[in-house]
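Have a look at input_20.txt below; it lists compact mmCIF, C-alpha atoms and all ligand atoms.
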# COMPACT_ATOMS: atom_id res chain seq x y z
CA MET A 576 35.60 -66.24 38.22
CA PRO A 577 35.66 -62.39 38.01
CA LEU A 578 38.14 -60.53 35.80
CA VAL A 579 41.66 -60.48 37.25
CA THR A 580 44.62 -58.13 36.91
CA SER A 581 47.84 -59.38 35.32
CA THR A 582 49.89 -59.15 38.56
CA GLU A 583 49.72 -62.82 39.53
CA MET A 584 49.81 -63.98 35.90
CA PHE A 585 53.02 -62.08 35.18
CA LYS A 586 54.69 -63.28 38.39
CA LYS A 587 54.04 -66.90 37.43
CA ALA A 588 55.00 -66.32 33.79
CA TYR A 589 58.26 -64.65 34.79
CA GLU A 590 59.19 -67.47 37.14
CA GLY A 591 57.95 -70.20 34.78
CA GLY A 592 59.72 -68.91 31.66
CA TYR A 593 56.60 -68.51 29.53
CA ALA A 594 54.46 -65.59 28.31
CA ILE A 595 50.77 -64.70 28.36
CA GLY A 596 49.07 -64.06 25.01
CA ALA A 597 47.42 -60.67 24.73
CA PHE A 598 44.89 -60.99 21.93
CA ASN A 599 42.96 -58.06 20.43
CA VAL A 600 39.19 -58.48 20.36
CA ASN A 601 36.72 -56.66 18.14
CA ASN A 602 33.63 -58.90 17.91
CA MET A 603 31.94 -62.00 19.26
CA GLU A 604 33.54 -64.51 16.92
CA ILE A 605 37.04 -63.33 17.85
CA VAL A 606 36.26 -63.50 21.59
CA GLN A 607 34.76 -66.97 21.21
CA GLY A 608 37.58 -68.37 19.05
CA ILE A 609 40.24 -67.14 21.50
CA THR A 610 38.49 -68.20 24.68
CA GLU A 611 37.46 -71.64 23.38
CA ALA A 612 41.10 -72.30 22.52
CA ALA A 613 42.27 -71.12 25.95
CA LYS A 614 39.66 -73.26 27.70
CA GLU A 615 40.80 -76.38 25.86
CA GLU A 616 44.43 -75.58 26.69
CA ASN A 617 43.67 -74.36 30.23
CA ALA A 618 45.59 -71.13 29.58
CA PRO A 619 45.36 -67.70 31.26
CA LEU A 620 44.41 -64.90 28.88
CA ILE A 621 44.67 -61.18 28.28
CA LEU A 622 41.91 -59.87 26.04
CA GLN A 623 42.76 -56.39 24.84
CA VAL A 624 40.65 -53.67 23.32
CA SER A 625 41.99 -50.76 21.26
CA ALA A 626 40.43 -47.33 20.79
CA GLY A 627 39.42 -48.56 17.33
CA ALA A 628 37.71 -51.63 18.79
CA ARG A 629 35.74 -49.42 21.19
CA LYS A 630 34.71 -47.22 18.30
CA TYR A 631 33.71 -50.22 16.16
CA ALA A 632 31.93 -52.42 18.71
CA LYS A 633 31.23 -49.99 21.61
CA HIS A 634 32.80 -50.29 25.03
CA THR A 635 29.77 -51.89 26.64
CA TYR A 636 29.39 -54.66 24.03
CA LEU A 637 33.04 -55.64 24.40
CA VAL A 638 32.89 -55.64 28.21
CA HIS A 639 29.79 -57.84 28.11
CA LEU A 640 31.29 -60.20 25.52
CA VAL A 641 34.30 -60.68 27.78
CA GLN A 642 31.95 -61.12 30.75
CA ALA A 643 30.18 -63.89 28.80
CA ALA A 644 33.54 -65.52 28.05
CA LEU A 645 34.36 -65.50 31.77
CA GLU A 646 31.09 -67.26 32.60
CA ASP A 647 31.61 -69.74 29.79
CA THR A 648 35.24 -70.65 30.52
CA ASP A 649 35.92 -69.87 34.20
CA LEU A 650 39.49 -68.94 33.17
CA PRO A 651 41.64 -66.16 34.64
CA ILE A 652 41.09 -63.34 32.12
CA VAL A 653 42.45 -59.76 32.13
CA LEU A 654 40.52 -57.07 30.22
CA HIS A 655 43.14 -54.60 28.99
CA LEU A 656 43.09 -51.29 27.10
CA ASP A 657 45.59 -51.50 24.23
CA HIS A 658 47.48 -48.29 23.29
CA GLY A 659 45.59 -45.80 25.46
CA ALA A 660 46.60 -42.49 23.89
CA ASP A 661 45.67 -40.13 26.74
CA PHE A 662 44.48 -39.94 30.33
CA ASP A 663 40.81 -39.72 29.38
CA ILE A 664 40.58 -43.02 27.49
CA CYS A 665 42.46 -44.77 30.32
CA LYS A 666 40.10 -43.25 32.90
CA SER A 667 37.07 -44.27 30.88
CA CYS A 668 38.28 -47.90 30.74
CA ILE A 669 39.33 -47.95 34.42
CA ASP A 670 35.90 -46.61 35.41
CA GLY A 671 34.25 -48.91 32.87
CA GLY A 672 35.33 -52.31 34.19
CA PHE A 673 38.80 -52.93 32.70
CA THR A 674 41.42 -54.46 35.01
CA SER A 675 44.45 -53.22 33.08
CA VAL A 676 45.28 -50.26 30.83
CA MET A 677 48.18 -49.28 28.63
CA ILE A 678 49.13 -45.63 28.52
CA ASP A 679 51.14 -45.23 25.35
CA GLY A 680 53.25 -42.15 25.91
CA SER A 681 56.06 -43.47 23.71
CA HIS A 682 55.68 -40.70 21.12
CA HIS A 683 56.08 -37.97 23.77
CA SER A 684 59.37 -36.74 25.20
CA PHE A 685 60.82 -38.86 28.04
CA LYS A 686 59.75 -36.24 30.58
CA ASP A 687 56.20 -35.91 29.23
CA ASN A 688 55.87 -39.70 28.94
CA ILE A 689 56.78 -40.00 32.63
CA GLU A 690 54.34 -37.28 33.64
CA LEU A 691 51.43 -38.73 31.66
CA THR A 692 52.14 -42.32 32.69
CA LYS A 693 52.41 -41.39 36.37
CA ARG A 694 49.07 -39.57 36.22
CA VAL A 695 47.40 -42.72 34.82
CA VAL A 696 49.17 -44.99 37.33
CA ASP A 697 48.02 -42.86 40.28
CA TYR A 698 44.42 -42.99 39.09
CA ALA A 699 44.51 -46.70 38.15
CA HIS A 700 46.21 -48.01 41.28
CA ASN A 701 43.71 -46.22 43.43
CA LYS A 702 41.03 -48.36 41.75
CA GLY A 703 42.95 -51.65 41.76
CA VAL A 704 43.80 -51.48 38.04
CA VAL A 705 47.31 -52.18 36.68
CA VAL A 706 49.15 -50.11 34.06
CA GLU A 707 51.48 -50.88 31.13
CA GLY A 708 53.76 -48.09 29.94
CA GLU A 709 55.94 -47.90 26.83
CA LEU A 710 59.44 -46.68 26.06
CA GLY A 711 60.77 -46.70 22.51
CA GLN A 712 58.69 -46.52 19.36
CA LEU A 713 57.56 -49.37 17.10
CA ALA A 714 57.01 -48.84 13.40
CA GLY A 715 53.50 -49.43 12.05
CA ILE A 716 49.98 -48.19 12.24
CA GLU A 717 47.53 -48.11 15.09
CA ASP A 718 44.36 -46.08 15.07
CA ASP A 719 45.82 -43.07 16.81
CA VAL A 720 49.51 -43.41 16.07
CA ASN A 721 51.26 -43.89 12.76
CA VAL A 722 54.99 -44.34 13.14
CA SER A 723 57.05 -44.69 9.97
CA ALA A 724 59.97 -47.14 9.96
CA ALA A 725 62.34 -44.17 9.77
CA ASN A 726 60.93 -42.70 12.98
CA ALA A 727 60.78 -45.94 14.91
CA SER A 728 63.36 -46.19 17.66
CA TYR A 729 64.65 -48.91 19.93
CA THR A 730 64.18 -48.61 23.68
CA GLN A 731 67.21 -47.08 25.41
CA PRO A 732 68.08 -49.40 28.31
CA ASP A 733 69.57 -46.56 30.35
CA GLN A 734 66.10 -44.94 30.59
CA VAL A 735 64.10 -47.89 31.88
CA GLU A 736 64.96 -47.75 35.60
CA GLU A 737 64.15 -44.08 35.92
CA PHE A 738 60.92 -44.55 33.94
CA VAL A 739 59.67 -47.45 36.06
CA LYS A 740 60.70 -45.84 39.35
CA SER A 741 59.22 -42.43 38.58
CA THR A 742 55.93 -43.72 37.17
CA GLY A 743 55.16 -46.83 39.23
CA VAL A 744 54.06 -48.78 36.13
CA ASP A 745 53.37 -52.49 36.52
CA SER A 746 54.84 -53.59 33.17
CA LEU A 747 56.83 -52.02 30.37
CA ALA A 748 56.49 -52.37 26.59
CA ILE A 749 59.83 -52.06 24.81
CA ALA A 750 60.87 -51.67 21.19
CA ILE A 751 63.44 -54.26 20.05
CA GLY A 752 62.53 -54.58 16.37
CA THR A 753 58.95 -55.83 16.33
CA SER A 754 56.37 -53.66 14.58
CA HIS A 755 52.62 -53.49 14.08
CA GLY A 756 50.77 -54.92 11.11
CA ALA A 757 51.42 -57.62 8.51
CA PHE A 758 54.45 -56.06 6.76
CA LYS A 759 57.15 -56.07 9.41
CA PHE A 760 60.23 -56.49 7.23
CA LYS A 761 61.02 -55.64 3.63
CA PRO A 762 61.19 -58.56 1.15
CA GLY A 763 64.68 -60.05 1.34
CA GLN A 764 65.38 -58.37 4.69
CA LYS A 765 66.44 -60.79 7.43
CA PRO A 766 64.10 -60.49 10.45
CA LEU A 767 66.10 -59.19 13.40
CA LEU A 768 65.14 -58.69 17.03
CA ARG A 769 67.55 -56.89 19.36
CA PHE A 770 67.86 -59.48 22.11
CA ASP A 771 70.90 -57.56 23.35
CA ILE A 772 68.63 -54.63 24.25
CA LEU A 773 66.17 -56.98 25.96
CA LYS A 774 69.05 -58.43 28.05
CA GLU A 775 70.19 -54.94 29.07
CA VAL A 776 66.64 -54.06 30.10
CA GLU A 777 66.33 -57.30 32.10
CA LYS A 778 69.56 -56.53 33.92
CA ARG A 779 68.32 -53.11 34.96
CA LEU A 780 64.81 -54.26 35.91
CA PRO A 781 65.09 -57.55 37.79
CA ASN A 782 61.83 -59.50 38.16
CA PHE A 783 59.92 -56.92 36.13
CA PRO A 784 57.45 -57.96 33.38
CA ILE A 785 58.29 -56.81 29.86
CA VAL A 786 55.77 -56.56 27.01
CA LEU A 787 56.29 -57.13 23.29
CA HIS A 788 53.93 -55.40 20.88
CA GLY A 789 53.79 -56.11 17.16
CA ALA A 790 54.48 -59.79 17.72
CA SER A 791 52.38 -61.51 15.05
CA SER A 792 54.21 -64.08 12.94
CA VAL A 793 52.02 -63.43 9.89
CA ILE A 794 51.55 -67.17 9.55
CA PRO A 795 52.19 -68.06 5.87
CA LYS A 796 49.35 -70.62 5.78
CA TYR A 797 46.69 -67.92 6.25
CA VAL A 798 48.41 -65.46 3.92
CA GLU A 799 48.48 -68.15 1.20
CA ILE A 800 44.78 -68.95 1.66
CA ILE A 801 43.94 -65.23 1.39
CA ASN A 802 46.09 -64.81 -1.72
CA LYS A 803 44.61 -67.93 -3.34
CA ASN A 804 41.07 -66.75 -2.76
CA GLY A 805 41.05 -63.29 -4.26
CA GLY A 806 43.13 -61.38 -1.71
CA ASN A 807 46.45 -59.67 -2.25
CA LEU A 808 48.89 -59.69 0.61
CA ALA A 809 52.08 -60.18 -1.28
CA ASP A 810 55.21 -59.50 0.81
CA ALA A 811 53.50 -59.90 4.19
CA ILE A 812 56.23 -60.88 6.69
CA GLY A 813 56.05 -61.39 10.47
CA ILE A 814 58.28 -62.23 13.44
CA PRO A 815 59.70 -65.78 13.20
CA GLU A 816 58.19 -68.05 15.85
CA ASP A 817 61.53 -69.24 17.22
CA MET A 818 62.36 -65.62 18.16
CA LEU A 819 59.07 -65.26 19.99
CA ARG A 820 59.64 -68.55 21.82
CA GLU A 821 63.03 -67.25 22.92
CA ALA A 822 61.45 -63.99 24.10
CA ALA A 823 58.73 -65.87 26.00
CA LYS A 824 61.39 -67.65 28.07
CA SER A 825 62.91 -64.31 29.13
CA ALA A 826 61.44 -61.39 31.10
CA VAL A 827 58.85 -60.95 28.33
CA CYS A 828 55.59 -61.88 30.06
CA LYS A 829 53.04 -60.44 27.59
CA ILE A 830 53.09 -60.94 23.82
CA ASN A 831 50.60 -58.93 21.75
CA ILE A 832 48.88 -60.57 18.80
CA ASP A 833 46.33 -58.94 16.53
CA SER A 834 47.38 -59.20 12.87
CA ASP A 835 47.53 -63.01 13.00
CA LEU A 836 43.93 -63.07 14.26
CA ARG A 837 42.86 -60.80 11.42
CA LEU A 838 44.59 -63.00 8.85
CA ALA A 839 43.10 -66.23 10.24
CA LEU A 840 39.60 -64.73 10.28
CA THR A 841 39.88 -63.26 6.79
CA ALA A 842 41.33 -66.50 5.38
CA GLY A 843 38.33 -68.41 6.73
CA ILE A 844 35.84 -65.97 5.20
CA ARG A 845 37.55 -65.73 1.81
CA GLU A 846 38.06 -69.47 1.49
CA HIS A 847 34.45 -70.21 2.41
CA LEU A 848 32.89 -67.62 0.13
CA ASN A 849 35.10 -68.65 -2.79
CA ALA A 850 34.01 -72.27 -2.38
CA HIS A 851 30.35 -71.30 -1.79
CA PRO A 852 29.57 -68.13 -3.73
CA GLU A 853 25.84 -68.79 -3.19
CA HIS A 854 26.14 -68.36 0.59
CA PHE A 855 25.08 -65.13 2.24
CA ASP A 856 24.21 -66.21 5.79
CA PRO A 857 26.99 -64.76 8.00
CA ARG A 858 26.85 -67.87 10.18
CA GLN A 859 27.99 -69.93 7.19
CA TYR A 860 31.21 -68.01 6.61
CA LEU A 861 31.86 -66.89 10.19
CA THR A 862 31.79 -70.48 11.48
CA PRO A 863 35.01 -71.51 9.63
CA ALA A 864 36.50 -68.06 10.34
CA ARG A 865 35.96 -68.54 14.09
CA ALA A 866 37.37 -72.07 13.84
CA ASN A 867 40.52 -70.61 12.26
CA ILE A 868 40.90 -68.20 15.19
CA LYS A 869 40.60 -71.10 17.63
CA GLU A 870 43.16 -73.18 15.75
CA LEU A 871 45.58 -70.24 15.55
CA VAL A 872 45.29 -69.38 19.25
CA LYS A 873 45.79 -73.02 20.31
CA HIS A 874 48.96 -73.06 18.24
CA LYS A 875 50.21 -69.84 19.88
CA LEU A 876 49.41 -70.97 23.42
CA VAL A 877 51.18 -74.32 23.05
CA HIS A 878 53.96 -73.73 20.54
CA VAL A 879 54.88 -70.04 20.94
CA LEU A 880 53.87 -68.75 24.40
CA GLY A 881 54.13 -71.96 26.43
CA CYS A 882 51.25 -70.91 28.74
CA ASN A 883 49.06 -73.98 28.15
CA GLY A 884 48.12 -75.69 31.42
CA LYS A 885 48.99 -72.54 33.43
CA ALA A 886 45.48 -71.19 34.19
O1 LIG B 901 48.54 -52.28 17.94
C1 LIG B 901 47.46 -52.11 17.38
C2 LIG B 901 46.45 -53.21 17.37
O2 LIG B 901 46.71 -54.11 16.33
C3 LIG B 901 45.08 -52.64 17.32
O3 LIG B 901 44.81 -52.15 16.04
O4 LIG B 901 44.02 -49.85 16.52
O5 LIG B 901 43.44 -51.00 14.34
O6 LIG B 901 42.38 -51.74 16.50
P1 LIG B 901 43.58 -51.08 15.84
P1 LIG B 902 50.57 -57.26 15.53
O1 LIG B 902 50.13 -56.28 14.50
O2 LIG B 902 51.92 -57.80 15.24
O3 LIG B 902 49.58 -58.37 15.73
O4 LIG B 902 50.69 -56.47 16.94
C1 LIG B 902 49.55 -56.27 17.74
C2 LIG B 902 49.80 -55.33 18.86
O5 LIG B 902 50.91 -54.99 19.21
C3 LIG B 902 48.63 -54.82 19.56
O6 LIG B 902 48.95 -53.84 20.49
ZN ZN B 903 50.68 -52.67 19.98

For this file, write the structure as C-alpha cells.
Amino acid sequence: MPLVTSTEMFKKAYEGGYAIGAFNVNNMEIVQGITEAAKEENAPLILQVSAGARKYAKHTYLVHLVQAALEDTDLPIVLHLDHGADFDICKSCIDGGFTSVMIDGSHHSFKDNIELTKRVVDYAHNKGVVVEGELGQLAGIEDDVNVSAANASYTQPDQVEEFVKSTGVDSLAIAIGTSHGAFKFKPGQKPLLRFDILKEVEKRLPNFPIVLHGASSVIPKYVEIINKNGGNLADAIGIPEDMLREAAKSAVCKINIDSDLRLALTAGIREHLNAHPEHFDPRQYLTPARANIKELVKHKLVHVLGCNGKA
C-alpha cells in the first residue's frame, strides 16, 4: 500500500472515538519497533519527522525507511513533517514524498500565523498533501523553538473558527496544558489538562480533527530503569494516561509521542550495557532497545489511543 494522507484516518477516528498515534522517527530501530507493534495490532499509523530528525538521519534515509516499513507491514501509514518552522521546510517535505506537513506558526502573531499557514496550505493542497496548523503555544523544547513555561499560552477558542476558515488547514494542534519533553509538571504539581478549552474548541469546529502535541506519559517503568542503570532523570513527569484516553475519545484525532519512545529506547540500551559491560556490538544493545519501543507502542495503541484493529 502507498503512503496515505490522514484525511480518511481522522474521519474514522473522529467517528469512532479513538485517536491515531503520531510517533517521531529518527532511525531504523525506532521505525521497526513502531511498525512491528502496529502490524501486530492492525493499527493505522502516523510516522513523523522533525527538522532535527532530517538533520540527524537525512531526509532520504527517513523516507526510504518508511517506504520499507510500508512494504513490510502493508498498513495505512502517513509520513508527516513535525513542527515545520517555515514555508521552505514544508515545501521540501511536500516535494520530497511526505503526505502531511505541520506548519507551526504558533509563535507568530495571529495574523502572521494565518498568512504563513495559508501559504503552506495552498502549496500542499495543490499536491494532494494535508496540513496541520497550530494555535496556542506549548512549553518545552523543540529543535527550532524553545518556549519557556512562562511564555506558553493556552489556545483561545474564539480564534479557532477564523483560523481554520482563513487558512484551509486540515487539522489543528491546540495548547491545553500538554508540553514537550520529559519534565511536563513540577514535582508536587498536579497534572492538569484544560478539557474545558478542548470542549469550547469542539463546539466551534464540529467534525474537525484536533491534535495534541507533548502527549508522552513519561512512563515510570522506563524512567526507573534509566535511573537504576546510571542515568539521572529525577523529577520526570508526563501526562497521566487516563487524561489521554479521555482526549482520544473526543475530537482529538492525533496524539504526538516522542519522549516516551526516547525513554524506552534509552532504558533498553542502559539496562543491557549495565548487565553486559563487555558488549560493544550495537546489535546486542539495540535489540532490547527496539523491543522496548515495540512493547511501548503496543501499549499506547491498545490502552491509550484505542486504534488497534482500525487499520
Ligand atoms: O516536538 C518535538 C519532537 O519531540 C521532536 O523533537 O525536534 O528534538 O527532533 P526534536
Ligand atoms: P512529547 O515530548 O510529549 O513526546 O511530545 C512530542 C511531540 O509533541 C512531537 O511533536
Ligand atoms: Zn510537538

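Each of A:Glu777, A:Asp833, A:Glu737, A:Asp649 was checked against ligand ZN 903 (chain B) using all atoms listed in the file; the smallest atom-to-atom distance is that of A:Asp833.
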
Could you tell me which of A:Tyr860, A:Glu646, A:Leu691, A:Lys774 comes closest to Glu821 (chain A) if we count all atoms listed in the file?
A:Lys774

Determine, using all atoms listed in the file, which residues of region 628-676 of chain A have any atom at most 12 Å from an atom of region 746-761 of chain A, and tabulate each with its shortest atom pair and distance in Å to one decimal place, rows ordered by chain and then rising number, as a tab-separated table.
residue	atom	partner	partner_atom	distance
A:Asp657	CA	A:Ala748	CA	11.2
A:His658	CA	A:Ala748	CA	10.4
A:Ser675	CA	A:Ser746	CA	10.4
A:Val676	CA	A:Ser746	CA	10.4

If you count only C-alpha atoms and all ligand atoms, which residues end up within 10 Å of ligand LIG 902 (chain B), as a ChimeraX atom specification?
/A:597-599,623-625,656-658,677,713,715-717,748,753-759,786-793,813-814,830-838

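Straight-line separation from CA of Val653 (chain A) to CA of Ala866 (chain A): 22.6 Å.
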
Which is closer to Asp771 (chain A) than all the others in A:Ala822, A:Ile605, A:Val695, A:Ala811, using all atoms listed in the file?
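Of all the options, A:Ala822 lies closest to Asp771 (chain A).
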
Distance CA of Val744 (chain A)-CA of Met576 (chain A), one decimal place?
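Distance between the two atoms: 25.5 Å.
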
One number please: CA of Thr742 (chain A) to CA of Val706 (chain A), in Å, one decimal.
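Between CA of Thr742 (chain A) and CA of Val706 (chain A) the gap is 9.8 Å.
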
Please provide as an MDAnalysis selection string all residues within 8 Å of Arg820 (chain A), with the sequence filter that same-chain residues fewer than 6 positions apart are discarded (counting only C-alpha atoms).
chainID A and resid 878:881

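For the residues A:Asn883, A:Gln607, A:Ser684, A:Thr674, ranking by smallest atom-to-atom distance to Lys869 (chain A) using all atoms listed in the file places A:Gln607 first.
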
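Considering all atoms listed in the file, the residue among A:Asn804, A:Asn867, A:Asn617, A:Ser728 positioned nearest to Leu650 (chain A) is A:Asn617.
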
Would you pick out the contacts of His655 (chain A) at 12 Å or less, using only C-alpha atoms, so that residues sharing its chain but fewer than 6 positions from it are not included, and give the list as a JSON list (two decimals) with C-alpha atoms, in the frame of the given file?
[["chain", "number", "residue", "atom", "x", "y", "z"],
["A", 578, "LEU", "CA", 38.14, -60.53, 35.80],
["A", 579, "VAL", "CA", 41.66, -60.48, 37.25],
["A", 580, "THR", "CA", 44.62, -58.13, 36.91],
["A", 581, "SER", "CA", 47.84, -59.38, 35.32],
["A", 596, "GLY", "CA", 49.07, -64.06, 25.01],
["A", 597, "ALA", "CA", 47.42, -60.67, 24.73],
["A", 598, "PHE", "CA", 44.89, -60.99, 21.93],
["A", 599, "ASN", "CA", 42.96, -58.06, 20.43],
["A", 600, "VAL", "CA", 39.19, -58.48, 20.36],
["A", 620, "LEU", "CA", 44.41, -64.90, 28.88],
["A", 621, "ILE", "CA", 44.67, -61.18, 28.28],
["A", 622, "LEU", "CA", 41.91, -59.87, 26.04],
["A", 623, "GLN", "CA", 42.76, -56.39, 24.84],
["A", 624, "VAL", "CA", 40.65, -53.67, 23.32],
["A", 625, "SER", "CA", 41.99, -50.76, 21.26],
["A", 626, "ALA", "CA", 40.43, -47.33, 20.79],
["A", 628, "ALA", "CA", 37.71, -51.63, 18.79],
["A", 629, "ARG", "CA", 35.74, -49.42, 21.19],
["A", 634, "HIS", "CA", 32.80, -50.29, 25.03],
["A", 637, "LEU", "CA", 33.04, -55.64, 24.40],
["A", 638, "VAL", "CA", 32.89, -55.64, 28.21],
["A", 641, "VAL", "CA", 34.30, -60.68, 27.78],
["A", 664, "ILE", "CA", 40.58, -43.02, 27.49],
["A", 665, "CYS", "CA", 42.46, -44.77, 30.32],
["A", 668, "CYS", "CA", 38.28, -47.90, 30.74],
["A", 669, "ILE", "CA", 39.33, -47.95, 34.42],
["A", 671, "GLY", "CA", 34.25, -48.91, 32.87],
["A", 672, "GLY", "CA", 35.33, -52.31, 34.19],
["A", 673, "PHE", "CA", 38.80, -52.93, 32.70],
["A", 674, "THR", "CA", 41.42, -54.46, 35.01],
["A", 675, "SER", "CA", 44.45, -53.22, 33.08],
["A", 676, "VAL", "CA", 45.28, -50.26, 30.83],
["A", 677, "MET", "CA", 48.18, -49.28, 28.63],
["A", 678, "ILE", "CA", 49.13, -45.63, 28.52],
["A", 704, "VAL", "CA", 43.80, -51.48, 38.04],
["A", 705, "VAL", "CA", 47.31, -52.18, 36.68],
["A", 706, "VAL", "CA", 49.15, -50.11, 34.06],
["A", 707, "GLU", "CA", 51.48, -50.88, 31.13],
["A", 829, "LYS", "CA", 53.04, -60.44, 27.59],
["A", 831, "ASN", "CA", 50.60, -58.93, 21.75]]

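For the residues A:Asp856, A:Glu615, A:Ala660, A:Lys693, ranking by smallest atom-to-atom distance to ligand ZN 903 (chain B) using only C-alpha atoms and all ligand atoms places A:Ala660 first.
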